[in-house]
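Chemist: Enclosed is the structure file structure.cif (mmCIF, C-alpha atoms).
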```cif
data_final
loop_
_atom_site.label_atom_id
_atom_site.label_comp_id
_atom_site.auth_asym_id
_atom_site.auth_seq_id
_atom_site.Cartn_x
_atom_site.Cartn_y
_atom_site.Cartn_z
CA MET G 1 9.38 38.93 8.89
CA MET G 2 8.72 37.74 5.34
CA ARG G 3 6.98 34.39 5.32
CA ARG G 4 8.79 31.65 3.50
CA TRP G 5 6.95 29.63 0.88
CA THR G 6 7.38 26.53 3.05
CA THR G 7 4.90 28.00 5.51
CA PHE G 8 2.18 27.29 2.98
CA VAL G 9 3.14 23.69 2.25
CA PRO G 10 0.87 22.15 4.94
CA PHE G 11 -2.06 24.22 3.67
CA ALA G 12 -1.38 23.11 0.12
CA VAL G 13 -1.22 19.45 1.20
CA PHE G 14 -4.47 19.90 3.12
CA ALA G 15 -6.15 21.49 0.10
CA VAL G 16 -5.05 18.59 -2.12
CA LEU G 17 -6.47 16.06 0.36
CA VAL G 18 -9.77 17.92 0.63
CA ALA G 19 -10.03 18.05 -3.16
CA PHE G 20 -9.27 14.32 -3.47
CA PHE G 21 -11.74 13.20 -0.80
CA GLY G 22 -14.38 15.56 -2.16
CA TRP G 23 -13.93 14.12 -5.63
CA ARG G 24 -14.29 10.55 -4.30
CA LEU G 25 -17.43 11.54 -2.36
CA VAL G 26 -19.01 12.97 -5.49
CA LEU G 27 -18.20 9.80 -7.45
CA ILE G 28 -19.61 7.57 -4.71
CA THR G 29 -22.87 9.53 -4.55
CA ARG G 30 -23.10 8.97 -8.30
CA GLY G 31 -22.94 5.22 -7.72
CA ASP G 32 -19.24 4.38 -7.92
CA ALA G 33 -18.80 1.86 -5.12
CA PRO G 34 -15.25 1.59 -3.80
CA ASN G 35 -15.62 -2.12 -3.05
CA LEU G 36 -16.40 -3.07 -6.64
CA ILE G 37 -13.55 -4.72 -8.43
CA PRO G 38 -13.00 -3.34 -11.92
CA SER G 39 -13.26 -6.00 -14.60
CA VAL G 40 -10.31 -6.50 -16.92
CA MET G 41 -12.60 -8.20 -19.42
CA ILE G 42 -14.32 -5.03 -20.63
CA ASP G 43 -13.71 -4.43 -24.36
CA LYS G 44 -12.04 -7.82 -24.72
CA PRO G 45 -13.46 -10.68 -26.80
CA ALA G 46 -15.74 -12.94 -24.78
CA PRO G 47 -13.99 -16.20 -23.85
CA GLY G 48 -14.94 -19.26 -25.85
CA PHE G 49 -17.28 -21.79 -24.26
CA ASP G 50 -19.52 -24.67 -25.22
CA LEU G 51 -21.84 -25.76 -22.44
CA PRO G 52 -24.30 -28.68 -22.39
CA PRO G 53 -27.98 -27.76 -22.39
CA LEU G 54 -29.84 -27.30 -19.13
CA VAL G 55 -33.17 -28.13 -20.75
CA LEU G 56 -32.89 -31.36 -22.67
CA ASP G 57 -34.70 -30.62 -25.92
CA ARG G 58 -33.01 -27.26 -26.41
CA PRO G 59 -29.51 -26.31 -27.48
CA GLY G 60 -26.87 -25.49 -24.87
CA ALA G 61 -24.92 -22.27 -24.68
CA ALA G 62 -21.94 -21.85 -26.97
CA SER G 63 -19.80 -18.87 -27.86
CA ASP G 64 -19.99 -19.80 -31.58
CA ALA G 65 -23.65 -18.86 -31.62
CA LEU G 66 -23.11 -15.33 -30.32
CA SER G 67 -22.47 -13.26 -33.44
CA GLY G 68 -24.95 -11.02 -35.25
CA LYS G 69 -27.00 -9.91 -32.26
CA VAL G 70 -26.22 -8.22 -28.97
CA THR G 71 -26.12 -10.85 -26.23
CA LEU G 72 -26.56 -10.70 -22.49
CA ILE G 73 -24.94 -13.61 -20.71
CA ASN G 74 -26.51 -14.05 -17.30
CA PHE G 75 -24.82 -16.29 -14.72
CA PHE G 76 -27.43 -17.47 -12.25
CA SER G 77 -28.07 -20.35 -9.91
CA SER G 78 -31.06 -21.82 -8.11
CA TRP G 79 -29.25 -21.53 -4.75
CA CYS G 80 -28.53 -17.85 -5.26
CA ILE G 81 -30.84 -15.52 -3.36
CA PRO G 82 -30.11 -12.25 -5.24
CA CYS G 83 -30.81 -14.17 -8.48
CA ARG G 84 -34.32 -14.73 -7.18
CA ALA G 85 -34.80 -10.95 -7.03
CA GLU G 86 -33.26 -10.43 -10.44
CA HIS G 87 -35.11 -13.14 -12.36
CA PRO G 88 -38.56 -11.48 -12.67
CA LEU G 89 -36.84 -8.30 -13.92
CA LEU G 90 -35.20 -10.27 -16.74
CA VAL G 91 -38.53 -11.93 -17.59
CA ASP G 92 -40.20 -8.51 -17.67
CA MET G 93 -37.39 -6.96 -19.73
CA MET G 94 -37.57 -9.64 -22.42
CA ASN G 95 -41.32 -9.09 -22.73
CA ARG G 96 -40.94 -5.41 -23.53
CA ASP G 97 -41.47 -4.13 -27.06
CA GLY G 98 -38.39 -4.27 -29.21
CA VAL G 99 -36.12 -5.94 -26.68
CA LYS G 100 -36.59 -9.53 -27.78
CA GLY G 101 -35.76 -8.63 -31.38
CA ARG G 102 -32.49 -6.94 -30.48
CA LEU G 103 -31.22 -8.86 -27.46
CA ARG G 104 -30.30 -12.50 -27.10
CA LEU G 105 -30.45 -13.61 -23.48
CA VAL G 106 -28.17 -16.52 -22.63
CA GLY G 107 -28.49 -18.10 -19.21
CA ILE G 108 -25.66 -20.02 -17.60
CA ASP G 109 -26.67 -22.11 -14.63
CA TYR G 110 -23.59 -21.76 -12.44
CA LYS G 111 -22.51 -24.62 -10.15
CA ASP G 112 -26.01 -25.96 -9.80
CA LYS G 113 -27.76 -29.30 -9.97
CA PRO G 114 -29.52 -29.52 -13.36
CA GLU G 115 -32.83 -30.62 -11.80
CA ASP G 116 -32.72 -27.62 -9.44
CA GLY G 117 -32.01 -25.30 -12.38
CA ARG G 118 -34.92 -26.73 -14.35
CA GLY G 119 -37.20 -26.45 -11.31
CA TRP G 120 -36.21 -22.79 -11.00
CA LEU G 121 -37.24 -22.10 -14.61
CA ALA G 122 -40.50 -24.01 -14.22
CA ARG G 123 -41.42 -21.98 -11.13
CA LEU G 124 -40.21 -18.53 -12.14
CA GLY G 125 -40.47 -18.50 -15.92
CA ASP G 126 -37.89 -18.90 -18.64
CA PRO G 127 -36.83 -15.73 -20.46
CA TYR G 128 -33.69 -17.29 -21.95
CA ASP G 129 -32.91 -17.92 -25.62
CA ALA G 130 -30.26 -20.46 -24.72
CA LEU G 131 -29.36 -22.18 -21.47
CA GLY G 132 -26.13 -23.90 -20.53
CA MET G 133 -24.88 -25.69 -17.45
CA ASP G 134 -21.57 -24.68 -15.93
CA ARG G 135 -21.38 -27.35 -13.25
CA ASP G 136 -17.73 -26.95 -12.27
CA GLY G 137 -17.70 -23.16 -12.68
CA ARG G 138 -14.86 -23.22 -15.19
CA VAL G 139 -16.60 -21.00 -17.75
CA GLY G 140 -17.39 -18.66 -14.87
CA ILE G 141 -13.68 -18.39 -14.09
CA ASP G 142 -12.93 -17.68 -17.76
CA PHE G 143 -15.34 -14.74 -17.57
CA GLY G 144 -13.93 -13.56 -14.25
CA VAL G 145 -17.09 -14.37 -12.29
CA TYR G 146 -16.63 -14.29 -8.54
CA GLY G 147 -20.23 -14.56 -7.43
CA VAL G 148 -23.68 -14.98 -8.91
CA PRO G 149 -25.52 -13.23 -10.35
CA GLU G 150 -23.18 -11.61 -12.82
CA SER G 151 -24.06 -10.55 -16.35
CA TYR G 152 -22.00 -9.64 -19.38
CA LEU G 153 -23.27 -7.63 -22.32
CA ILE G 154 -21.57 -8.69 -25.53
CA ASP G 155 -21.71 -6.67 -28.72
CA ARG G 156 -22.32 -8.00 -32.21
CA GLN G 157 -18.60 -8.44 -32.78
CA GLY G 158 -18.32 -10.64 -29.70
CA ARG G 159 -16.62 -8.18 -27.38
CA ILE G 160 -17.64 -7.72 -23.74
CA ARG G 161 -18.93 -4.17 -23.34
CA TYR G 162 -20.50 -4.13 -19.90
CA LYS G 163 -20.35 -6.19 -16.74
CA GLN G 164 -23.04 -6.22 -14.10
CA VAL G 165 -21.81 -7.46 -10.74
CA GLY G 166 -24.67 -8.58 -8.56
CA PRO G 167 -28.36 -8.48 -9.53
CA PHE G 168 -29.80 -5.98 -11.97
CA THR G 169 -32.12 -3.46 -10.37
CA PRO G 170 -34.96 -1.85 -12.37
CA GLU G 171 -32.79 1.30 -12.51
CA ASP G 172 -29.78 -0.62 -13.86
CA ILE G 173 -31.92 -2.05 -16.64
CA GLN G 174 -33.56 1.25 -17.45
CA GLU G 175 -30.55 3.54 -17.18
CA LYS G 176 -27.61 1.34 -18.15
CA LEU G 177 -28.58 -1.84 -19.96
CA LEU G 178 -31.33 -0.65 -22.33
CA PRO G 179 -29.51 2.53 -23.47
CA LEU G 180 -26.37 0.47 -24.12
CA LEU G 181 -28.45 -2.09 -26.02
CA ALA G 182 -29.93 0.68 -28.19
CA GLU G 183 -26.44 2.04 -28.88
CA LEU G 184 -24.92 -1.33 -29.69
CA SER G 185 -27.75 -2.43 -31.99
CA LYS G 186 -27.45 0.64 -34.22
CA MET B 1 0.17 -23.75 37.31
CA LYS B 2 -0.45 -26.86 35.27
CA VAL B 3 -3.53 -25.27 33.70
CA ALA B 4 -1.63 -22.07 32.87
CA GLY B 5 1.12 -24.14 31.26
CA LEU B 6 -1.40 -26.04 29.21
CA ILE B 7 -3.11 -22.85 28.02
CA PHE B 8 0.27 -21.39 27.13
CA ALA B 9 1.18 -24.50 25.13
CA VAL B 10 -2.13 -24.40 23.24
CA VAL B 11 -1.79 -20.70 22.45
CA LEU B 12 1.78 -21.23 21.27
CA ALA B 13 0.77 -24.17 19.10
CA VAL B 14 -2.08 -22.21 17.52
CA MET B 15 0.00 -19.14 16.87
CA SER B 16 3.14 -20.78 15.55
CA GLY B 17 1.61 -23.16 13.00
CA PRO B 18 0.64 -22.21 9.48
CA VAL B 19 -2.72 -20.59 10.06
CA ALA B 20 -5.81 -22.40 8.83
CA TRP B 21 -4.87 -24.19 5.63
CA ALA B 22 -8.00 -24.64 3.62
CA VAL B 23 -6.34 -26.91 1.07
CA GLN B 24 -8.22 -30.21 1.18
CA PRO B 25 -6.50 -33.61 0.96
CA ASP B 26 -8.29 -34.46 -2.30
CA GLU B 27 -6.82 -31.38 -3.96
CA VAL B 28 -3.20 -32.18 -3.17
CA LEU B 29 -1.09 -33.21 -6.16
CA LYS B 30 0.84 -36.49 -6.11
CA ASP B 31 4.06 -34.82 -7.19
CA PRO B 32 5.39 -33.01 -4.10
CA ALA B 33 7.45 -30.58 -6.18
CA LEU B 34 4.39 -29.47 -8.16
CA GLU B 35 2.32 -29.26 -4.97
CA ALA B 36 5.00 -27.08 -3.39
CA ARG B 37 4.85 -24.74 -6.40
CA ALA B 38 1.06 -24.66 -6.17
CA ARG B 39 1.27 -23.75 -2.47
CA ALA B 40 3.81 -21.02 -3.16
CA LEU B 41 1.57 -19.56 -5.87
CA GLY B 42 -1.64 -20.00 -3.90
CA ARG B 43 -0.31 -18.03 -0.95
CA ASP B 44 -0.07 -14.92 -3.13
CA LEU B 45 -3.38 -15.25 -4.95
CA ARG B 46 -6.38 -13.47 -3.57
CA CYS B 47 -9.64 -15.22 -2.86
CA LEU B 48 -11.93 -12.82 -4.73
CA VAL B 49 -14.97 -13.54 -2.59
CA CYS B 50 -13.34 -12.94 0.79
CA GLN B 51 -10.93 -10.32 -0.56
CA ASN B 52 -8.29 -10.43 2.16
CA GLN B 53 -7.46 -14.10 2.31
CA SER B 54 -5.31 -16.06 -0.06
CA ILE B 55 -6.92 -18.92 -1.96
CA ASP B 56 -4.92 -21.34 0.21
CA ASP B 57 -6.43 -19.85 3.37
CA SER B 58 -10.01 -19.62 2.22
CA ASP B 59 -12.81 -22.16 2.44
CA ALA B 60 -14.87 -20.32 -0.19
CA ASP B 61 -16.05 -22.36 -3.17
CA LEU B 62 -14.38 -20.05 -5.64
CA ALA B 63 -11.06 -20.35 -3.78
CA ARG B 64 -11.27 -24.14 -4.09
CA ASP B 65 -12.05 -23.82 -7.81
CA LEU B 66 -9.04 -21.57 -8.26
CA ARG B 67 -6.78 -23.98 -6.32
CA LEU B 68 -7.90 -26.84 -8.56
CA LEU B 69 -7.48 -24.72 -11.66
CA LEU B 70 -3.99 -23.67 -10.58
CA ARG B 71 -3.00 -27.33 -10.11
CA GLN B 72 -4.42 -28.24 -13.52
CA ARG B 73 -2.38 -25.50 -15.13
CA LEU B 74 0.79 -26.71 -13.43
CA LEU B 75 0.09 -30.32 -14.43
CA ALA B 76 -0.44 -29.12 -17.99
CA GLY B 77 3.11 -27.77 -17.90
CA ASP B 78 2.57 -24.07 -17.21
CA SER B 79 5.41 -22.18 -15.56
CA ASP B 80 4.63 -20.30 -12.35
CA ASP B 81 4.38 -17.04 -14.29
CA GLN B 82 2.08 -18.54 -16.93
CA ALA B 83 -0.24 -20.00 -14.30
CA ARG B 84 -0.36 -16.68 -12.46
CA GLN B 85 -0.92 -14.77 -15.70
CA TYR B 86 -3.82 -17.08 -16.56
CA LEU B 87 -5.69 -15.77 -13.54
CA VAL B 88 -4.56 -12.15 -13.99
CA ASP B 89 -6.00 -12.24 -17.54
CA ARG B 90 -9.40 -13.09 -16.08
CA TYR B 91 -9.50 -11.31 -12.73
CA GLY B 92 -6.96 -8.51 -13.19
CA ASP B 93 -4.09 -7.51 -10.92
CA TYR B 94 -6.63 -7.61 -8.12
CA VAL B 95 -6.14 -11.37 -7.86
CA LEU B 96 -2.52 -10.81 -6.80
CA LEU B 97 -2.01 -10.16 -3.11
CA ARG B 98 1.30 -8.45 -3.96
CA PRO B 99 0.45 -5.63 -6.37
CA PRO B 100 2.89 -5.41 -9.29
CA PHE B 101 5.20 -2.42 -9.65
CA LYS B 102 3.93 -0.39 -12.58
CA ALA B 103 2.71 3.07 -13.56
CA THR B 104 -0.71 2.79 -11.88
CA THR B 105 0.78 1.53 -8.61
CA LEU B 106 3.67 4.01 -8.32
CA VAL B 107 1.99 5.97 -5.53
CA LEU B 108 1.29 2.74 -3.66
CA TRP B 109 4.89 1.55 -3.80
CA LEU B 110 6.76 4.85 -3.56
CA GLY B 111 4.26 6.87 -1.50
CA PRO B 112 5.28 5.71 2.00
CA GLY B 113 9.01 6.05 1.27
CA GLY B 114 8.39 9.43 -0.33
CA LEU B 115 6.44 10.62 2.71
CA LEU B 116 9.23 9.43 5.02
CA LEU B 117 11.91 11.20 2.97
CA GLY B 118 9.77 14.35 2.82
CA GLY B 119 9.33 14.22 6.61
CA ILE B 120 13.07 13.79 7.18
CA TRP B 121 13.77 16.68 4.81
CA ALA B 122 11.24 18.91 6.59
CA ALA B 123 12.72 18.00 9.99
CA VAL B 124 16.27 18.73 8.81
CA VAL B 125 15.22 22.10 7.41
CA PHE B 126 13.31 22.96 10.59
CA TYR B 127 16.15 22.12 13.02
CA ARG B 128 18.83 23.74 10.83
CA ARG B 129 16.83 26.93 10.72
CA ARG B 130 16.27 26.90 14.46
CA ALA B 131 20.00 26.34 15.04
CA ALA B 132 20.80 29.21 12.65
CA SER B 133 18.46 31.63 14.43
CA ALA B 134 19.88 30.63 17.83
CA ALA B 135 23.52 31.02 16.80
CA PRO B 136 24.12 34.84 16.63
CA GLN B 137 23.68 35.30 20.38
CA THR B 138 26.63 37.14 21.99
CA ALA B 139 27.78 37.17 25.58
CA LEU B 140 26.04 39.49 28.07
CA SER B 141 27.26 43.04 28.19
CA GLU B 142 28.69 44.43 31.48
CA ALA B 143 25.50 46.37 32.23
CA GLU B 144 23.42 43.21 31.70
CA GLN B 145 25.63 41.20 34.03
CA VAL B 146 25.27 43.76 36.76
CA ARG B 147 21.52 43.64 36.29
CA VAL B 148 21.42 39.85 36.46
CA LYS B 149 23.40 39.91 39.67
CA ARG B 150 21.08 42.46 41.19
CA LEU B 151 17.99 40.50 40.24
CA LEU B 152 19.42 37.28 41.65
CA SER B 153 20.40 38.85 44.95
CA ASN B 154 16.97 40.50 45.23
CA ASP B 155 15.44 37.13 44.74
CA ARG B 156 17.52 35.58 47.53
CA GLU B 157 16.59 38.35 49.97
CA GLY B 158 12.93 38.55 49.16
#
```
Re-express the file's structure as structure tokens.

Modeler:
Amino acid sequence: MMRRWTTFVPFAVFAVLVAFFGWRLVLITRGDAPNLIPSVMIDKPAPGFDLPPLVLDRPGAASDALSGKVTLINFFSSWCIPCRAEHPLLVDMMNRDGVKGRLRLVGIDYKDKPEDGRGWLARLGDPYDALGMDRDGRVGIDFGVYGVPESYLIDRQGRIRYKQVGPFTPEDIQEKLLPLLAELSK
Amino acid sequence: MKVAGLIFAVVLAVMSGPVAWAVQPDEVLKDPALEARARALGRDLRCLVCQNQSIDDSDADLARDLRLLLRQRLLAGDSDDQARQYLVDRYGDYVLLRPPFKATTLVLWLGPGGLLLGGIWAAVVFYRRRAASAAPQTALSEAEQVRVKRLLSNDREG
């Protein structure tokens, strides 16, 4: 008896499923985590903000002062444990040759008591060019922050080009952030 | 029996009520109509930290911030759609517990129905074909009937 084409339908469906799951597995081994929520803010202009200074004799953080240089906006908080792991990496990064000249690091102390934020900087070092306080988390919402730490890389035209959810690892800085910084400062 | 009745009453009370409102008294708006709109909106907005609770159900800090923000938008005169869009602009469609119907969600919305229809179609084809292959049977010939009789009588004897 001649086999009908419908005999092969289940095999075709199976092959499609295998291909799909295989493709997802490959992406996940390359670091695409299925639980990460894609940001809608990528390639959009950074939202406007004007935050009071965390450290009294220094300016706060404002979106007006962002043009001309690539900027990394880092949302952190003294009560945030992953931020504690990330902070020395930011200090180290800003001390590297050529980074300070090309990158402006803006810290936003997210939903924190100012004295705690200042204590954090005194203990762990202060790599930031500007520091603002976002006490009610409203600027965080404008950026689409849903947990600290989160960081946004903003190009010289003021558009968001990269979002880091969670703390930077040394690999993230080396393989994602610094190459992107080099590309954007050309 | 009294204890069983009491347990039953407690279980019923827990299960029938609106489950675990996280909305705090200090968040509630004075205008009941606005508050009702805020509740209706909040039920369908995802708490991004807990991911499968609405902002009205969640005790997370961010959920509270979003509830307050939502109420501020409504007080400022936003329509329901504008208030919802305000959050979608910042957090994406992910903030909506009911995904919108659009090109990227076609499979999500139409997939289950499509699978059901495909299954029905496959079943119809399968049973039709089986019926068709069973149909051309004719009655037994005389020789076959004699043989059946002989076999049956053998069976009875042996």

Chemist: Which residue is closest to B:Gln51? Choose from G:Glu86, G:Leu131, G:Pro53, G:Tyr146 and count all atoms listed in the file.

Modeler: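 Using all atoms listed in the file, the shortest distance to B:Gln51 belongs to G:Tyr146.
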
Chemist: Near chain G, meaning an atom within 7 Å, which residues of chain B appear when counting all atoms listed in the file? Write them as a PyMOL selection string.

Modeler: chain B and resi 48-49+62+90-92

Chemist: With all atoms listed in the file as the counted atoms, please give the residues lying no more than 12 Å from stretch 76-88 of chain B, apart from itself and same-chain residues fewer than 6 positions off, as a PyMOL selection string.

Modeler: (chain G and resi 39-41+138+141-145) or (chain B and resi 34-48+65-70+94-100)

Chemist: Just give me the gap between atom CA of G:Cys80 and atom CA of G:Lys113 in Å, one decimal is fine.

Modeler: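 Interatomic distance here is 12.4 Å.
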
Chemist: Which residues fall under the PyMOL selection byres ((chain G and resi 160-163) around 6) in this file, as number ranges by chain?

Modeler: G: 42-46, 151-154, 159, 164

Chemist: Using only C-alpha atoms for the distances, tell me which of G:Ser185, G:Gln157, G:Gln174, G:Thr29 is nearest to G:Ala65.

Modeler: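 Closest residue, counting only C-alpha atoms: G:Gln157.
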
Chemist: As an exercise, work out the distance from atom CA of B:Val23 to atom CA of B:Gln53 in Å and give it to one decimal place.

Modeler: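 Atom CA of B:Val23 sits 12.9 Å away from atom CA of B:Gln53.
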
Chemist: Measuring atom to atom with all atoms listed in the file, identify which of G:Asp50, G:Glu183, G:Asp57, G:Asp109 is nearest to G:Glu150.

Modeler: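 Looking only at the distances to G:Glu150, the closest residue turns out to be G:Asp109.
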
Chemist: So the first atom is atom CA of G:Gly101 and the second is atom CA of G:Ile73; what is the distance between them in Å, to one decimal place?

Modeler: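 About the pair atom CA of G:Gly101 and atom CA of G:Ile73: they are 16.0 Å apart.
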
Chemist: Quick check on the file I pasted: which residues fall under the PyMOL selection byres ((chain G and resi 168) around 9)? Write them as a list in words.

Modeler: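 Applied to this file, the PyMOL selection byres ((chain G and resi 168) around 9) returns Cys83, Ala85, Glu86, His87, Leu89, Leu90, Pro149, Glu150, Ser151, Gln164, Val165, Gly166, Pro167, Thr169, Pro170, Glu171, Asp172 and Ile173 of chain G.
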